[in-house]
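Written out below as structure tokens is the structure these notes cover.
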Amino acid sequence: MQRAPVVSFQPQTQGLLALLTRPLRIALLILLLLAGLFTVMHLAGRHAEQQALHEEGKLAREQLALYAGTLQTLIDRYRALPAVLALDPELRTALDGPVDNLLQRQLNLKLERTNEAAGSTTLELLDRTGLAVAASNWRLATSFVGHNYGFRPYFQQTRTRGSGRFYAVGVTSGIPGYFLSQAVRNEQDEFLGAVVVKLEFPELEQEWSQRPDIILVSDAKGVAFIANQPGWRYRELQPLSAQSRAELATTRQYDKQPLAPLAHRTLQTLGEGSRMVRVDGPVGSADYLWESLPLPSEGWTLHLLRNPQSVASSGRSAALAAGGAWLALFFLGLFLHQRWRMARLRQRSREELERLVEQRTAALRTAQDGLVQAAKLAALGQMSTALAHEINQPLTALQMHLASLRLMLDNNQLEQARKALPRHEELLQRMAALTSHLKTYARKTPGGLRECLELGSVVDKSLQLLAPNLRDAQVKIHQELNVPAWISGDAIRLEQVMVNLLRNSLDAVADKPHPELWITLCREEDSWLLSVADNGGGIADADLPQIFDPFFTTKPAGAGLGIGLAVSFAIVHELGGTLSAANQGEGAVFRLRLPVDKTREDSLCPSR
């Protein structure tokens, strides 16, 4: 029963899977590329921003320290002035008694001259109740003279502690300033009044206004009273309690100046006194690097707000650089992966090619072995008539001798019969040797066989196979053999080569009146050269280049297959030798060159 063919769907399934997985693989690669790109850019940008923030914060703190030093130097320049004036006997005497108009004028002039010489803003002299009895600005409409400042904290501090300080908006002039005071005492250490110096900072604020950063000075309650930009002045940096608002109202520190809260939210704390803050300021919402530095001697805090544009720029640059590096690494990885895949494909293709070559080589070797065997069988077929005649002669002679032997035995001639037996044995041995060699020659041998053999014996066995043909053709053979000639090869195949060459020469001299063959074997350096020459007229020059081509023959149809010389050429080449043909004298010559088996020679002649 014939079986139904089995249909395989594996290639179609694999193709479908390839069509399905390729878009998915591309989508996964794109997803990995984008996810890695965003992650790397985000992390690099954040890291760069943090580094830039710390660097920017360091620079801001150094700049803030310079601003603090400038402000502190300006205050310290006048800090000792009220203490020095408090030691003036004229001021002490004036406060110890009533101050009439003449004395007040003298005191005003004195304070005016002193203020001009010291470079301070205003000097004033207060009695024990806080009433200003003299002032350096007595000529101005906003003169302090006649006004009582006993409610000011600096006067109360002076009366209790001997000195005071206070920043406030002037209730008379409306101009803010820093008041430094010192107690005036008599010889009995009784409090007589106070000398007050008012310092204003217009030049400092003007200098700070040239800076791109925002610079603030806040008091202990968190109110910014100095700012390099007007919109930031009198801002509450922290919520004020009810008690603080009551104190501000009592002391009239920021008299008639409305206080507004400065809304801000800390985004990130970078260290002590350093943070990233989002501020809803006069110009809108913005993020600032906020640095703060306390001024303990005054009870103030100096602030610097810097717009971190360079930080954002550094983050973007780092993110772009990291993105570029990621893309480069990603595509490098794709390139290397592709190279690896191509290498695997090449390796797979190479292995597949090697398998195919091995299969083709094995098939070719099998075909060659079959061709060699076919050539041998063809040669045996062409020699069959001569071989049959060669075997038939001993058989006929043996038959006649057996009849004679039977007559001798019938006549009881035992001695003559015994003497005739060696002749019978000789005939049987001759036939046995011939048939044995024919069986050996016809045997199919595998390619690649290597054995140590003597080339002269190969020539002898080949001549034995062709002995009937040579005898029938009446060919005269000239031999010049330099033996032993040791080589490494396959004896059966070499006999086939030799038979092909001898038969080719026999065919060439078939029509010659005096056919002759010359067989020579000689040593040439590391090779043995075996030549077979004839006087058969030679080979046409046009046929010499293709004499060893398969199925090329100059013989008439049916006289040859054209494979003998091609097979011989392949056998010799497989054994590491060469086979060539040329014209020489009256005929052609075939030269067979094979390498010497030096291992065999060294074992036979160790002294060489």
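Each chain in the structure tokens gets a letter, A, B, ..., in the order shown, and its residues are numbered from 1; ligands are numbered from 1 in order too.
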Margin query: Neighbouring residues of region 147-151 of chain A were defined as those with any atom within 10 Å, considering only C-alpha atoms; residues of the same chain fewer than 3 positions away were excluded. Please report them as an MDAnalysis selection string.
Written below: chainID A and resid 126:134 143:144 154:156 159 171:172 250:252
Check: Among region 58-218 of chain A, which ones does DSSP place in helix (DSSP H, G or I), written as a VMD selection string?
Finding: chain A and resid 58 to 79 81 to 85 89 to 96 101 to 118 153 to 161 202 to 208
Notebook entry, point to check: Contacts of Glu205 (chain A) at 9 Å or less, counting only C-alpha atoms, minus same-chain residues fewer than 2 places along, as an MDAnalysis selection string?
Noted result: chainID A and resid 201:203 207:210 226:229
Note to self: Just checking: using only C-alpha atoms, which residue out of A:Glu247, A:Glu200, A:Asp460, A:Asp76 ends up closest to Val499 (chain A)?
What the structure shows: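 The shortest atom-to-atom distance to Val499 (chain A) comes from A:Asp460.
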Note to self: I need the strand (DSSP E or B) residues of region 491-540 of chain A per DSSP on the backbone, written as a PyMOL selection string.
What the structure shows: chain A and resi 516-524+527-534
Item checked: region 65-72 of chain A environment, 10 Å, only C-alpha atoms, sequence neighbours closer than 3 positions dropped, as a list in words ->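 Returned residues: Leu59, Ala60, Arg61, Glu62, Ile75, Asp76, Arg77, Phe201, Leu204, Trp208, Ile215, Val217, Ser292, Leu293, Pro294, Leu295, Ser297, Glu298, Thr301, Leu302, His303 and Leu304 of chain A.
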Item checked: Residue nearest Ser531 (chain A) - candidates A:Phe590, A:Asp549, A:Leu259, A:Leu501, atoms counted: only C-alpha atoms ->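 The answer is A:Phe590, which sits nearest to Ser531 (chain A).
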Margin query: Give me, as a list in words, all polymer residues having an atom no more than 10 Å from Leu37 (chain A), counting only C-alpha atoms and skipping those fewer than 6 positions away in the same chain.
Written below: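 Surrounding residues, per the criterion: Leu31, Ala319, Leu320, Ala322, Gly323, Gly324, Ala325, Trp326, Leu327 and Phe330 of chain A.
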Next item on the list: Please measure the separation of CA of Gln474 (chain A) and CA of Gly564 (chain A), giving the value in Å to one decimal.
Entry: 23.2 Å
Next item on the list: Skip Ala194 (chain A) itself and residues of its chain fewer than 3 positions away, then list as a ChimeraX atom specification all residues within 6 Å of it, counting only C-alpha atoms.
Entry: /A:125-126,182-184
Next item on the list: Compare A:Ser274, A:Val196, A:Arg152, A:Gly281 by their minimum atom-to-atom distance to Ala135 (chain A), counting only C-alpha atoms, and give me the closest one.
Entry: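 Counting only C-alpha atoms, the residue closest to Ala135 (chain A) is A:Val196.
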Next item on the list: Can you pull out every residue within 10 Å of Leu502 (chain A), counting only C-alpha atoms, but drop anything in the same chain fewer than 2 positions away, and send it as a PyMOL selection string?
Entry: chain A and resi 459+462-463+466+470+496-500+504-508+517+519+532-534+590
